[in-house]
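Working notes, beginning with the structure itself.
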Amino acid sequence: MKFKAFLTENGVNLLEKRFLPALDKMGKVCHLFLTREKAYFLHNLLSGEGIQCVAQFHRETLFDDYRISSQNEDCIAFAIDISLLQRAVRSSVSICSEIGAAGSTANHLQIKLVKKLPPNCTQAMPFLTFETKGYKSAVIQDVPISKPLSRAQVLELQTALDMAQDLPPTLVQVPDLNQLQNFVDRMKHVGDLLNVSICKYGDLHLQISTTLITLGAEFRKLLVIGEKAVAPSEDRNLSAQTRSERAISRGDAQSVQVSVKHFSKSLQCHLAKPDCAFYGIAPRGACLTVIFQFFIPGTHQTDKSISLHCRLPVLDPGT
């Protein structure tokens, strides 16, 4: 089992300044899943608890001189502490900047899998090692990782990843995540459960209720991808809640209940600096999916080399 590559300058910037800060908010530990073509950061795909989060990169986006081999069809997966990984990348970038004449990290930062004997231990342990090469010396940083997953575990992870890639039939676009974040920040002090309704007309309804207060927000005429419908004219002057209820009864909308804490945590993905987000509900209300979209800099074209999405578990209305 071997993995060795150089982090590209773009890859360093994506990880250090955007994705690792966002992923760190999702949970302390995630799986790093490396294949011949892609690298994935995966939260909670095997545990089935909490928010599932999938960040995906084409290998050229992060790495140069990418070499990987294993008996699992050249796939390698292991658990890693995000905060330790983030610290190692930041430290390596700092050293690279001092070494590089123009602050460039090109061909300075190598990343590889190694087995080493830690101090006071009798058994070699696996590490993800960062080697920052200078002109006369090299600085090595070792990030401890779990034992690489077995063939059966890698297959289980790949199966969970395939299932997590399914798109809801209707997605609505929310271009202003800050507006959504401000509303949820106010909601957090009201209650713990959030009702989310998504309508084929392009409406997103959020509502939180307690015995004393009901607080809601409605985002209308959003861009719809997938199954869509035209709102009946007779619903035009009705309240948001009534319109939502009628759309659900017609089969034009779905509603699920999620944890306010989970919903708020998913919004921390704004640290990855997405250009917009899409919300959708899986068939039969299996989960609430949030897909973050990234544009190629200077354009409105989707950057297909990177992706990020979350799946929020739904709660039974009786709980």
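Order determines the names: the first chain of the structure tokens is A, the second B, and so forth; residues in each chain are numbered 1 upward, and ligands are numbered 1 upward as they are shown.
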
Dump as a tab-separated table the rows for residues of segment 10-33 of chain A within 7 Å of segment 37-41 of chain A: closest atom pair and distance in Å with one decimal, only C-alpha atoms counted, ordered by chain and rising residue number.
```
residue	atom	partner	partner_atom	distance
A:Cys30	CA	A:Phe41	CA	6.5
A:His31	CA	A:Phe41	CA	5.8
A:Leu32	CA	A:Phe41	CA	4.8
A:Phe33	CA	A:Tyr40	CA	5.0
```

Expected file contents, prior selection, N, CA and C atoms, as a CSV table (one decimal), in the first residue's frame:
```
chain,number,residue,atom,x,y,z
A,30,CYS,N,-12.6,12.5,10.2
A,30,CYS,CA,-13.3,12.1,9.0
A,30,CYS,C,-12.4,11.0,8.3
A,31,HIS,N,-13.0,10.4,7.3
A,31,HIS,CA,-12.2,9.4,6.5
A,31,HIS,C,-11.7,10.2,5.3
A,32,LEU,N,-10.4,10.0,5.0
A,32,LEU,CA,-9.8,10.4,3.8
A,32,LEU,C,-9.7,9.2,2.9
A,33,PHE,N,-10.4,9.3,1.7
A,33,PHE,CA,-10.5,8.2,0.8
A,33,PHE,C,-9.9,8.6,-0.5
```

(request) Can you list, as a ChimeraX atom specification, all residues belonging to segment 119-262 of chain A that DSSP tags as alpha helix (DSSP H)? (result) /A:151-164,177-187,240-250,260-262

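For segment 118-133 of chain A, the list of residues within 9 Å, based on only C-alpha atoms and with local chain neighbours fewer than 4 positions off taken out, reads Ile80, Leu85, Ala88, Val89, Ser92, Val93, Ile95, Cys96, Ile99, Asn107, His108, Leu109, Gln110, Ile111, Lys112, Leu113, Val114, Ser137, Ala138, Val139, Ile140, Gln141, Asp142, Val143, Pro144, Ile145, Ser146, Lys147 and Pro148 of chain A.
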
Emit the selected residues as a compact mmCIF listing (two decimals), in the first residue's frame, including N, CA, C and O atoms.
```
# COMPACT_ATOMS: atom_id res chain seq x y z
N ILE A 80 -8.76 10.28 9.92
CA ILE A 80 -7.75 11.29 10.26
C ILE A 80 -8.41 12.42 11.02
O ILE A 80 -9.58 12.75 10.80
N LEU A 85 -4.61 17.66 10.78
CA LEU A 85 -4.28 17.81 9.36
C LEU A 85 -4.19 19.29 8.98
O LEU A 85 -3.25 19.71 8.29
N ALA A 88 -0.98 20.80 10.30
CA ALA A 88 0.20 20.38 9.53
C ALA A 88 0.28 21.13 8.21
O ALA A 88 1.37 21.55 7.79
N VAL A 89 -0.86 21.29 7.53
CA VAL A 89 -0.87 22.02 6.25
C VAL A 89 -0.46 23.47 6.47
O VAL A 89 0.37 24.02 5.74
N SER A 92 3.23 23.71 7.22
CA SER A 92 4.03 23.43 6.03
C SER A 92 4.00 24.60 5.07
O SER A 92 5.02 24.94 4.45
N VAL A 93 2.84 25.23 4.92
CA VAL A 93 2.71 26.40 4.04
C VAL A 93 3.61 27.53 4.53
O VAL A 93 4.28 28.20 3.76
N ILE A 95 6.36 27.24 6.27
CA ILE A 95 7.76 26.89 5.99
C ILE A 95 8.07 27.04 4.51
O ILE A 95 9.12 27.57 4.12
N CYS A 96 7.12 26.58 3.65
CA CYS A 96 7.31 26.70 2.21
C CYS A 96 7.48 28.15 1.78
O CYS A 96 8.29 28.47 0.91
N ILE A 99 10.86 29.29 2.45
CA ILE A 99 11.86 28.68 1.56
C ILE A 99 11.78 29.27 0.16
O ILE A 99 12.78 29.62 -0.45
N ASN A 107 6.33 22.30 -5.79
CA ASN A 107 7.36 21.26 -5.64
C ASN A 107 8.09 21.31 -4.30
O ASN A 107 9.19 20.80 -4.17
N HIS A 108 7.49 21.97 -3.32
CA HIS A 108 8.10 22.01 -1.99
C HIS A 108 7.41 21.06 -1.02
O HIS A 108 8.05 20.52 -0.13
N LEU A 109 6.09 20.86 -1.17
CA LEU A 109 5.32 20.17 -0.15
C LEU A 109 4.89 18.78 -0.64
O LEU A 109 4.00 18.63 -1.46
N GLN A 110 5.59 17.77 -0.12
CA GLN A 110 5.27 16.39 -0.48
C GLN A 110 4.43 15.76 0.62
O GLN A 110 4.62 16.02 1.80
N ILE A 111 3.49 14.92 0.21
CA ILE A 111 2.62 14.24 1.16
C ILE A 111 2.68 12.75 0.84
O ILE A 111 2.64 12.35 -0.32
N LYS A 112 2.80 11.91 1.88
CA LYS A 112 2.90 10.47 1.62
C LYS A 112 2.48 9.67 2.86
O LYS A 112 2.44 10.19 3.98
N LEU A 113 2.14 8.42 2.62
CA LEU A 113 1.83 7.48 3.70
C LEU A 113 3.10 6.77 4.14
O LEU A 113 3.87 6.29 3.29
N VAL A 114 3.31 6.71 5.44
CA VAL A 114 4.49 6.02 5.96
C VAL A 114 4.11 5.23 7.20
O VAL A 114 3.05 5.46 7.81
N SER A 137 17.85 21.45 3.50
CA SER A 137 17.25 20.67 4.58
C SER A 137 15.79 20.36 4.23
O SER A 137 15.26 20.84 3.24
N ALA A 138 15.17 19.57 5.08
CA ALA A 138 13.76 19.24 4.92
C ALA A 138 13.10 19.20 6.30
O ALA A 138 13.72 18.75 7.27
N VAL A 139 11.86 19.69 6.38
CA VAL A 139 11.10 19.63 7.63
C VAL A 139 9.99 18.61 7.45
O VAL A 139 9.23 18.64 6.48
N ILE A 140 9.92 17.65 8.39
CA ILE A 140 8.95 16.56 8.28
C ILE A 140 7.93 16.66 9.42
O ILE A 140 8.30 16.84 10.58
N GLN A 141 6.65 16.57 9.04
CA GLN A 141 5.58 16.58 10.03
C GLN A 141 4.73 15.33 9.83
O GLN A 141 4.30 15.04 8.72
N ASP A 142 4.51 14.61 10.92
CA ASP A 142 3.74 13.36 10.87
C ASP A 142 2.37 13.56 11.50
O ASP A 142 2.27 13.96 12.67
N VAL A 143 1.32 13.27 10.72
CA VAL A 143 -0.05 13.33 11.25
C VAL A 143 -0.52 11.89 11.47
O VAL A 143 -0.60 11.11 10.51
N PRO A 144 -0.80 11.49 12.71
CA PRO A 144 -1.24 10.11 12.95
C PRO A 144 -2.57 9.83 12.28
O PRO A 144 -3.46 10.70 12.22
N ILE A 145 -2.72 8.62 11.75
CA ILE A 145 -3.96 8.21 11.12
C ILE A 145 -4.35 6.84 11.67
O ILE A 145 -3.57 6.19 12.36
N SER A 146 -5.56 6.41 11.35
CA SER A 146 -5.98 5.06 11.74
C SER A 146 -5.29 4.03 10.85
O SER A 146 -4.68 4.37 9.83
N LYS A 147 -5.39 2.80 11.26
CA LYS A 147 -4.95 1.72 10.38
C LYS A 147 -5.77 1.79 9.09
O LYS A 147 -7.00 1.96 9.16
N PRO A 148 -5.15 1.74 7.93
CA PRO A 148 -5.93 1.80 6.68
C PRO A 148 -7.03 0.76 6.66
O PRO A 148 -6.87 -0.36 7.16
```

What are the closest atom pairs, with distances in Å to one decimal, for each residue of segment 260-298 of chain A lying within 12 Å of segment 216-227 of chain A, using only C-alpha atoms, rows by chain and rising residue number, as a tab-separated table?
```
residue	atom	partner	partner_atom	distance
A:Cys276	CA	A:Leu223	CA	11.2
A:Ala277	CA	A:Leu223	CA	10.8
A:Phe278	CA	A:Ile225	CA	8.8
A:Tyr279	CA	A:Val224	CA	9.7
A:Gly280	CA	A:Ile225	CA	9.6
A:Ile281	CA	A:Glu227	CA	11.9
A:Ile291	CA	A:Ile225	CA	11.8
```

Keeping all heavy atoms for every residue in the selection just given, could you write it to a file as a PDB file, in the first residue's frame?
```pdb
ATOM      1  N   CYS A 276     -23.052  29.324  -4.237  1.00  0.00           N
ATOM      2  CA  CYS A 276     -24.465  29.223  -3.885  1.00  0.00           C
ATOM      3  C   CYS A 276     -24.722  27.830  -3.328  1.00  0.00           C
ATOM      4  O   CYS A 276     -23.826  26.983  -3.296  1.00  0.00           O
ATOM      5  CB  CYS A 276     -25.375  29.507  -5.093  1.00  0.00           C
ATOM      6  SG  CYS A 276     -25.107  28.400  -6.477  1.00  0.00           S
ATOM      7  N   ALA A 277     -25.959  27.595  -2.892  1.00  0.00           N
ATOM      8  CA  ALA A 277     -26.311  26.291  -2.318  1.00  0.00           C
ATOM      9  C   ALA A 277     -27.681  25.872  -2.828  1.00  0.00           C
ATOM     10  O   ALA A 277     -28.542  26.706  -3.109  1.00  0.00           O
ATOM     11  CB  ALA A 277     -26.317  26.364  -0.792  1.00  0.00           C
ATOM     12  N   PHE A 278     -27.871  24.543  -2.948  1.00  0.00           N
ATOM     13  CA  PHE A 278     -29.152  23.976  -3.348  1.00  0.00           C
ATOM     14  C   PHE A 278     -29.668  23.091  -2.221  1.00  0.00           C
ATOM     15  O   PHE A 278     -28.902  22.334  -1.612  1.00  0.00           O
ATOM     16  CB  PHE A 278     -28.994  23.134  -4.612  1.00  0.00           C
ATOM     17  CG  PHE A 278     -28.725  23.933  -5.857  1.00  0.00           C
ATOM     18  CD1 PHE A 278     -27.430  24.265  -6.208  1.00  0.00           C
ATOM     19  CD2 PHE A 278     -29.764  24.346  -6.674  1.00  0.00           C
ATOM     20  CE1 PHE A 278     -27.170  24.996  -7.357  1.00  0.00           C
ATOM     21  CE2 PHE A 278     -29.524  25.078  -7.826  1.00  0.00           C
ATOM     22  CZ  PHE A 278     -28.226  25.411  -8.169  1.00  0.00           C
ATOM     23  N   TYR A 279     -30.974  23.191  -1.956  1.00  0.00           N
ATOM     24  CA  TYR A 279     -31.610  22.356  -0.941  1.00  0.00           C
ATOM     25  C   TYR A 279     -32.613  21.424  -1.606  1.00  0.00           C
ATOM     26  O   TYR A 279     -33.326  21.816  -2.537  1.00  0.00           O
ATOM     27  CB  TYR A 279     -32.334  23.220   0.101  1.00  0.00           C
ATOM     28  CG  TYR A 279     -31.405  23.842   1.108  1.00  0.00           C
ATOM     29  CD1 TYR A 279     -30.642  24.950   0.784  1.00  0.00           C
ATOM     30  CD2 TYR A 279     -31.265  23.297   2.384  1.00  0.00           C
ATOM     31  CE1 TYR A 279     -29.764  25.513   1.696  1.00  0.00           C
ATOM     32  CE2 TYR A 279     -30.385  23.847   3.306  1.00  0.00           C
ATOM     33  CZ  TYR A 279     -29.645  24.957   2.952  1.00  0.00           C
ATOM     34  OH  TYR A 279     -28.764  25.511   3.859  1.00  0.00           O
ATOM     35  N   GLY A 280     -32.652  20.196  -1.128  1.00  0.00           N
ATOM     36  CA  GLY A 280     -33.606  19.222  -1.648  1.00  0.00           C
ATOM     37  C   GLY A 280     -33.913  18.166  -0.605  1.00  0.00           C
ATOM     38  O   GLY A 280     -33.131  17.945   0.327  1.00  0.00           O
ATOM     39  N   ILE A 281     -35.072  17.520  -0.758  1.00  0.00           N
ATOM     40  CA  ILE A 281     -35.486  16.456   0.157  1.00  0.00           C
ATOM     41  C   ILE A 281     -35.487  15.145  -0.615  1.00  0.00           C
ATOM     42  O   ILE A 281     -36.074  15.054  -1.701  1.00  0.00           O
ATOM     43  CB  ILE A 281     -36.882  16.745   0.751  1.00  0.00           C
ATOM     44  CG1 ILE A 281     -36.827  18.023   1.610  1.00  0.00           C
ATOM     45  CG2 ILE A 281     -37.372  15.572   1.589  1.00  0.00           C
ATOM     46  CD1 ILE A 281     -38.179  18.499   2.106  1.00  0.00           C
ATOM     47  N   ILE A 291     -26.474  20.945  -1.246  1.00  0.00           N
ATOM     48  CA  ILE A 291     -25.390  20.847  -2.227  1.00  0.00           C
ATOM     49  C   ILE A 291     -24.801  22.235  -2.436  1.00  0.00           C
ATOM     50  O   ILE A 291     -25.521  23.184  -2.777  1.00  0.00           O
ATOM     51  CB  ILE A 291     -25.907  20.294  -3.567  1.00  0.00           C
ATOM     52  CG1 ILE A 291     -26.477  18.884  -3.356  1.00  0.00           C
ATOM     53  CG2 ILE A 291     -24.798  20.275  -4.616  1.00  0.00           C
ATOM     54  CD1 ILE A 291     -27.199  18.344  -4.565  1.00  0.00           C
TER      55      ILE A 291
END
```

(request) Could you please write out, as JSON, numbers by chain, every residue of segment 90-292 of chain A that DSSP assigns to strand (DSSP E or B)? (result) {"A": [109, 110, 111, 112, 113, 114, 115, 116, 125, 126, 127, 128, 129, 130, 131, 132, 133, 138, 139, 140, 141, 142, 143, 144, 145, 170, 171, 172, 173, 174, 193, 194, 195, 196, 197, 198, 199, 203, 204, 205, 206, 207, 208, 209, 214, 215, 216, 217, 218, 219, 224, 225, 226, 253, 254, 255, 256, 257, 258, 259, 276, 277, 278, 279, 280, 281, 287, 288, 289, 290, 291, 292]}

File of the preceding selection, C-alpha atoms, as a PDB file, in the first residue's frame:
```
ATOM      1  CA  LEU A 109       5.318  20.166  -0.152  1.00  0.00           C
ATOM      2  CA  GLN A 110       5.273  16.392  -0.478  1.00  0.00           C
ATOM      3  CA  ILE A 111       2.622  14.240   1.157  1.00  0.00           C
ATOM      4  CA  LYS A 112       2.896  10.467   1.623  1.00  0.00           C
ATOM      5  CA  LEU A 113       1.832   7.483   3.696  1.00  0.00           C
ATOM      6  CA  VAL A 114       4.487   6.020   5.956  1.00  0.00           C
ATOM      7  CA  LYS A 115       4.857   3.598   8.843  1.00  0.00           C
ATOM      8  CA  LYS A 116       7.067   4.708  11.727  1.00  0.00           C
ATOM      9  CA  MET A 125       2.158   3.125  13.386  1.00  0.00           C
ATOM     10  CA  PRO A 126       0.747   4.654  10.168  1.00  0.00           C
ATOM     11  CA  PHE A 127       1.161   8.393   9.509  1.00  0.00           C
ATOM     12  CA  LEU A 128       0.331  10.872   6.777  1.00  0.00           C
ATOM     13  CA  THR A 129       3.632  12.687   6.458  1.00  0.00           C
ATOM     14  CA  PHE A 130       4.255  16.189   5.119  1.00  0.00           C
ATOM     15  CA  GLU A 131       7.798  16.809   3.932  1.00  0.00           C
ATOM     16  CA  THR A 132       8.725  20.399   3.211  1.00  0.00           C
ATOM     17  CA  LYS A 133      11.895  20.392   1.136  1.00  0.00           C
ATOM     18  CA  ALA A 138      13.757  19.243   4.920  1.00  0.00           C
ATOM     19  CA  VAL A 139      11.101  19.633   7.627  1.00  0.00           C
ATOM     20  CA  ILE A 140       8.952  16.556   8.282  1.00  0.00           C
ATOM     21  CA  GLN A 141       5.582  16.578  10.032  1.00  0.00           C
ATOM     22  CA  ASP A 142       3.745  13.362  10.869  1.00  0.00           C
ATOM     23  CA  VAL A 143      -0.051  13.327  11.246  1.00  0.00           C
ATOM     24  CA  PRO A 144      -1.235  10.111  12.955  1.00  0.00           C
ATOM     25  CA  ILE A 145      -3.960   8.210  11.118  1.00  0.00           C
ATOM     26  CA  THR A 170     -36.294  18.722  -6.766  1.00  0.00           C
ATOM     27  CA  LEU A 171     -33.558  21.176  -5.783  1.00  0.00           C
ATOM     28  CA  VAL A 172     -34.046  24.885  -5.016  1.00  0.00           C
ATOM     29  CA  GLN A 173     -31.162  27.347  -5.118  1.00  0.00           C
ATOM     30  CA  VAL A 174     -30.371  29.653  -2.205  1.00  0.00           C
ATOM     31  CA  LEU A 193     -36.554  21.256  15.822  1.00  0.00           C
ATOM     32  CA  LEU A 194     -36.864  22.839  12.400  1.00  0.00           C
ATOM     33  CA  ASN A 195     -39.540  22.053   9.811  1.00  0.00           C
ATOM     34  CA  VAL A 196     -38.236  22.391   6.255  1.00  0.00           C
ATOM     35  CA  SER A 197     -40.585  22.367   3.247  1.00  0.00           C
ATOM     36  CA  ILE A 198     -39.379  22.439  -0.365  1.00  0.00           C
ATOM     37  CA  CYS A 199     -41.840  23.096  -3.169  1.00  0.00           C
ATOM     38  CA  ASP A 203     -40.311  27.907  -2.494  1.00  0.00           C
ATOM     39  CA  LEU A 204     -38.291  27.054   0.616  1.00  0.00           C
ATOM     40  CA  HIS A 205     -40.149  27.265   3.943  1.00  0.00           C
ATOM     41  CA  LEU A 206     -38.466  27.106   7.347  1.00  0.00           C
ATOM     42  CA  GLN A 207     -40.488  26.999  10.555  1.00  0.00           C
ATOM     43  CA  ILE A 208     -39.756  26.364  14.195  1.00  0.00           C
ATOM     44  CA  SER A 209     -42.546  26.012  16.727  1.00  0.00           C
ATOM     45  CA  THR A 214     -43.825  30.043  16.051  1.00  0.00           C
ATOM     46  CA  LEU A 215     -41.092  31.561  13.913  1.00  0.00           C
ATOM     47  CA  GLY A 216     -40.824  31.056  10.185  1.00  0.00           C
ATOM     48  CA  ALA A 217     -39.186  32.268   7.008  1.00  0.00           C
ATOM     49  CA  GLU A 218     -40.055  31.834   3.361  1.00  0.00           C
ATOM     50  CA  PHE A 219     -37.790  32.111   0.335  1.00  0.00           C
ATOM     51  CA  VAL A 224     -35.522  25.024  -9.446  1.00  0.00           C
ATOM     52  CA  ILE A 225     -33.460  22.129 -10.806  1.00  0.00           C
ATOM     53  CA  GLY A 226     -35.210  18.823 -11.491  1.00  0.00           C
ATOM     54  CA  ALA A 253     -43.909  19.754  -2.011  1.00  0.00           C
ATOM     55  CA  GLN A 254     -42.237  17.700   0.700  1.00  0.00           C
ATOM     56  CA  SER A 255     -41.635  18.546   4.335  1.00  0.00           C
ATOM     57  CA  VAL A 256     -39.205  17.094   6.863  1.00  0.00           C
ATOM     58  CA  GLN A 257     -38.133  17.901  10.385  1.00  0.00           C
ATOM     59  CA  VAL A 258     -34.445  18.268  11.201  1.00  0.00           C
ATOM     60  CA  SER A 259     -32.344  19.371  14.147  1.00  0.00           C
ATOM     61  CA  CYS A 276     -24.465  29.223  -3.885  1.00  0.00           C
ATOM     62  CA  ALA A 277     -26.311  26.291  -2.318  1.00  0.00           C
ATOM     63  CA  PHE A 278     -29.152  23.976  -3.348  1.00  0.00           C
ATOM     64  CA  TYR A 279     -31.610  22.356  -0.941  1.00  0.00           C
ATOM     65  CA  GLY A 280     -33.606  19.222  -1.648  1.00  0.00           C
ATOM     66  CA  ILE A 281     -35.486  16.456   0.157  1.00  0.00           C
ATOM     67  CA  CYS A 287     -32.886  13.109   4.436  1.00  0.00           C
ATOM     68  CA  LEU A 288     -32.436  16.817   3.748  1.00  0.00           C
ATOM     69  CA  THR A 289     -29.653  17.369   1.209  1.00  0.00           C
ATOM     70  CA  VAL A 290     -27.591  20.558   0.865  1.00  0.00           C
ATOM     71  CA  ILE A 291     -25.390  20.847  -2.227  1.00  0.00           C
ATOM     72  CA  PHE A 292     -22.822  23.637  -2.378  1.00  0.00           C
TER      73      PHE A 292
END
```

(message) Need to verify the contact set: Gln181 of chain A, 9 Å, only C-alpha atoms, exclusion of same-chain residues closer than 5 positions in sequence. Can you return it as a list in words?
(response)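 Those residues are Asp176, Arg186, Ser264, Leu267 and Gln268 of chain A.
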
Dump as a PDB file, in the first residue's frame, selection limited to N, CA and C atoms:
```pdb
ATOM      1  N   ASP A 176     -28.057  33.377  -1.314  1.00  0.00           N
ATOM      2  CA  ASP A 176     -27.539  34.184  -0.213  1.00  0.00           C
ATOM      3  C   ASP A 176     -27.518  33.367   1.074  1.00  0.00           C
ATOM      4  N   ARG A 186     -31.082  33.339  14.749  1.00  0.00           N
ATOM      5  CA  ARG A 186     -32.196  33.790  15.599  1.00  0.00           C
ATOM      6  C   ARG A 186     -33.044  32.602  16.050  1.00  0.00           C
ATOM      7  N   SER A 264     -27.818  24.343  11.348  1.00  0.00           N
ATOM      8  CA  SER A 264     -26.865  25.431  11.563  1.00  0.00           C
ATOM      9  C   SER A 264     -25.443  24.975  11.264  1.00  0.00           C
ATOM     10  N   LEU A 267     -24.503  24.918   7.630  1.00  0.00           N
ATOM     11  CA  LEU A 267     -24.252  26.242   7.057  1.00  0.00           C
ATOM     12  C   LEU A 267     -22.804  26.693   7.276  1.00  0.00           C
ATOM     13  N   GLN A 268     -22.079  26.022   8.177  1.00  0.00           N
ATOM     14  CA  GLN A 268     -20.672  26.357   8.383  1.00  0.00           C
ATOM     15  C   GLN A 268     -19.834  26.008   7.151  1.00  0.00           C
TER      16      GLN A 268
END
```

Give me, as CSV, each residue of segment 141-187 of chain A that comes within 9 Å of segment 60-72 of chain A, together with its shortest interatomic pair and the distance in Å at one decimal, counting only C-alpha atoms, with rows ordered by chain and rising residue number.
```
residue,atom,partner,partner_atom,distance
A:Ser150,CA,A:Asn72,CA,8.2
A:Arg151,CA,A:Asn72,CA,5.7
A:Val154,CA,A:Asn72,CA,7.6
A:Leu155,CA,A:Asn72,CA,8.7
```

Would you put the residues from that selection into a file with C-alpha atoms, as a short mmCIF file (atom, residue, chain, number, x, y, z; two decimals), in the first residue's frame?
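Final output, saved to again-v6.cif:
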```cif
data_model
loop_
_atom_site.label_atom_id
_atom_site.label_comp_id
_atom_site.auth_asym_id
_atom_site.auth_seq_id
_atom_site.Cartn_x
_atom_site.Cartn_y
_atom_site.Cartn_z
CA SER A 150 -9.49 -3.38 4.95
CA ARG A 151 -10.82 -4.45 1.55
CA VAL A 154 -13.23 0.10 1.68
CA LEU A 155 -16.07 -1.60 -0.22
#
```

(message) Quick one: residues within 12 Å of Arg246 of chain A, only C-alpha atoms, excluding same-chain residues fewer than 4 positions away - as an MDAnalysis selection string?
(response) chainID A and resid 197 199 231:232 234:236 238:242 250:255

Filtering to N, CA, C and O atoms, could you give me those residues as an mmCIF file, in the first residue's frame?
```cif
data_model
loop_
_atom_site.group_PDB
_atom_site.id
_atom_site.type_symbol
_atom_site.label_atom_id
_atom_site.label_comp_id
_atom_site.auth_asym_id
_atom_site.auth_seq_id
_atom_site.Cartn_x
_atom_site.Cartn_y
_atom_site.Cartn_z
ATOM 1 N N SER A 197 -39.738 22.759 4.365
ATOM 2 C CA SER A 197 -40.585 22.367 3.247
ATOM 3 C C SER A 197 -39.968 22.893 1.957
ATOM 4 O O SER A 197 -39.553 24.054 1.902
ATOM 5 N N CYS A 199 -40.739 23.162 -2.218
ATOM 6 C CA CYS A 199 -41.840 23.096 -3.169
ATOM 7 C C CYS A 199 -41.328 23.159 -4.605
ATOM 8 O O CYS A 199 -40.353 23.859 -4.893
ATOM 9 N N ALA A 231 -47.134 27.299 -9.734
ATOM 10 C CA ALA A 231 -47.996 27.541 -8.576
ATOM 11 C C ALA A 231 -49.396 27.935 -9.032
ATOM 12 O O ALA A 231 -49.551 28.785 -9.918
ATOM 13 N N PRO A 232 -50.451 27.334 -8.460
ATOM 14 C CA PRO A 232 -51.826 27.707 -8.823
ATOM 15 C C PRO A 232 -52.106 29.172 -8.484
ATOM 16 O O PRO A 232 -51.698 29.658 -7.423
ATOM 17 N N GLU A 234 -54.804 30.530 -7.575
ATOM 18 C CA GLU A 234 -55.698 30.738 -6.424
ATOM 19 C C GLU A 234 -54.947 30.717 -5.093
ATOM 20 O O GLU A 234 -55.490 31.109 -4.053
ATOM 21 N N ASP A 235 -53.687 30.261 -5.096
ATOM 22 C CA ASP A 235 -52.896 30.231 -3.858
ATOM 23 C C ASP A 235 -52.157 31.543 -3.615
ATOM 24 O O ASP A 235 -51.536 31.716 -2.560
ATOM 25 N N ARG A 236 -52.252 32.458 -4.577
ATOM 26 C CA ARG A 236 -51.376 33.634 -4.559
ATOM 27 C C ARG A 236 -51.505 34.465 -3.284
ATOM 28 O O ARG A 236 -50.515 34.937 -2.736
ATOM 29 N N LEU A 238 -52.734 33.536 -0.296
ATOM 30 C CA LEU A 238 -52.801 32.773 0.953
ATOM 31 C C LEU A 238 -51.524 32.959 1.771
ATOM 32 O O LEU A 238 -50.490 33.385 1.256
ATOM 33 N N SER A 239 -51.590 32.585 3.046
ATOM 34 C CA SER A 239 -50.403 32.682 3.898
ATOM 35 C C SER A 239 -49.372 31.644 3.474
ATOM 36 O O SER A 239 -49.691 30.649 2.813
ATOM 37 N N ALA A 240 -48.123 31.883 3.879
ATOM 38 C CA ALA A 240 -47.042 30.971 3.518
ATOM 39 C C ALA A 240 -47.316 29.566 4.032
ATOM 40 O O ALA A 240 -47.104 28.568 3.318
ATOM 41 N N GLN A 241 -47.817 29.467 5.265
ATOM 42 C CA GLN A 241 -48.063 28.148 5.847
ATOM 43 C C GLN A 241 -49.176 27.418 5.102
ATOM 44 O O GLN A 241 -49.060 26.216 4.816
ATOM 45 N N THR A 242 -50.244 28.139 4.745
ATOM 46 C CA THR A 242 -51.359 27.517 4.024
ATOM 47 C C THR A 242 -50.921 27.071 2.632
ATOM 48 O O THR A 242 -51.256 25.977 2.174
ATOM 49 N N ARG A 250 -51.035 18.366 -2.550
ATOM 50 C CA ARG A 250 -51.099 18.119 -3.997
ATOM 51 C C ARG A 250 -49.955 17.212 -4.473
ATOM 52 O O ARG A 250 -49.928 16.790 -5.623
ATOM 53 N N GLY A 251 -48.941 17.005 -3.619
ATOM 54 C CA GLY A 251 -47.762 16.263 -4.043
ATOM 55 C C GLY A 251 -46.734 17.139 -4.722
ATOM 56 O O GLY A 251 -45.792 16.638 -5.351
ATOM 57 N N ASP A 252 -46.895 18.458 -4.604
ATOM 58 C CA ASP A 252 -45.960 19.409 -5.211
ATOM 59 C C ASP A 252 -44.871 19.860 -4.235
ATOM 60 O O ASP A 252 -44.023 20.688 -4.591
ATOM 61 N N ALA A 253 -44.908 19.354 -3.010
ATOM 62 C CA ALA A 253 -43.909 19.754 -2.011
ATOM 63 C C ALA A 253 -43.693 18.602 -1.036
ATOM 64 O O ALA A 253 -44.532 17.711 -0.906
ATOM 65 N N GLN A 254 -42.553 18.646 -0.368
ATOM 66 C CA GLN A 254 -42.237 17.700 0.700
ATOM 67 C C GLN A 254 -41.815 18.481 1.923
ATOM 68 O O GLN A 254 -41.262 19.594 1.814
ATOM 69 N N SER A 255 -42.036 17.898 3.092
ATOM 70 C CA SER A 255 -41.635 18.546 4.335
ATOM 71 C C SER A 255 -40.959 17.528 5.248
ATOM 72 O O SER A 255 -41.397 16.374 5.331
#
```

Quick one: contact table of segment 33-104 of chain A to segment 163-167 of chain A, 9 Å max, nearest atom pair and distance in Å to one decimal per residue, counting only C-alpha atoms, chain and number order, as CSV?
```
residue,atom,partner,partner_atom,distance
A:Leu45,CA,A:Ala164,CA,8.0
A:Gln52,CA,A:Ala164,CA,8.1
A:Cys53,CA,A:Ala164,CA,8.9
A:Val54,CA,A:Ala164,CA,8.1
```

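Interatomic distance, atom CA of Ala229 of chain A to atom CA of Glu245 of chain A: 15.5 Å.
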
(message) With distances taken over only C-alpha atoms, which residue among A:Asn182, A:Ser249, A:Thr35, A:Ser266 lies nearest Gln158 of chain A?
(response) A:Thr35
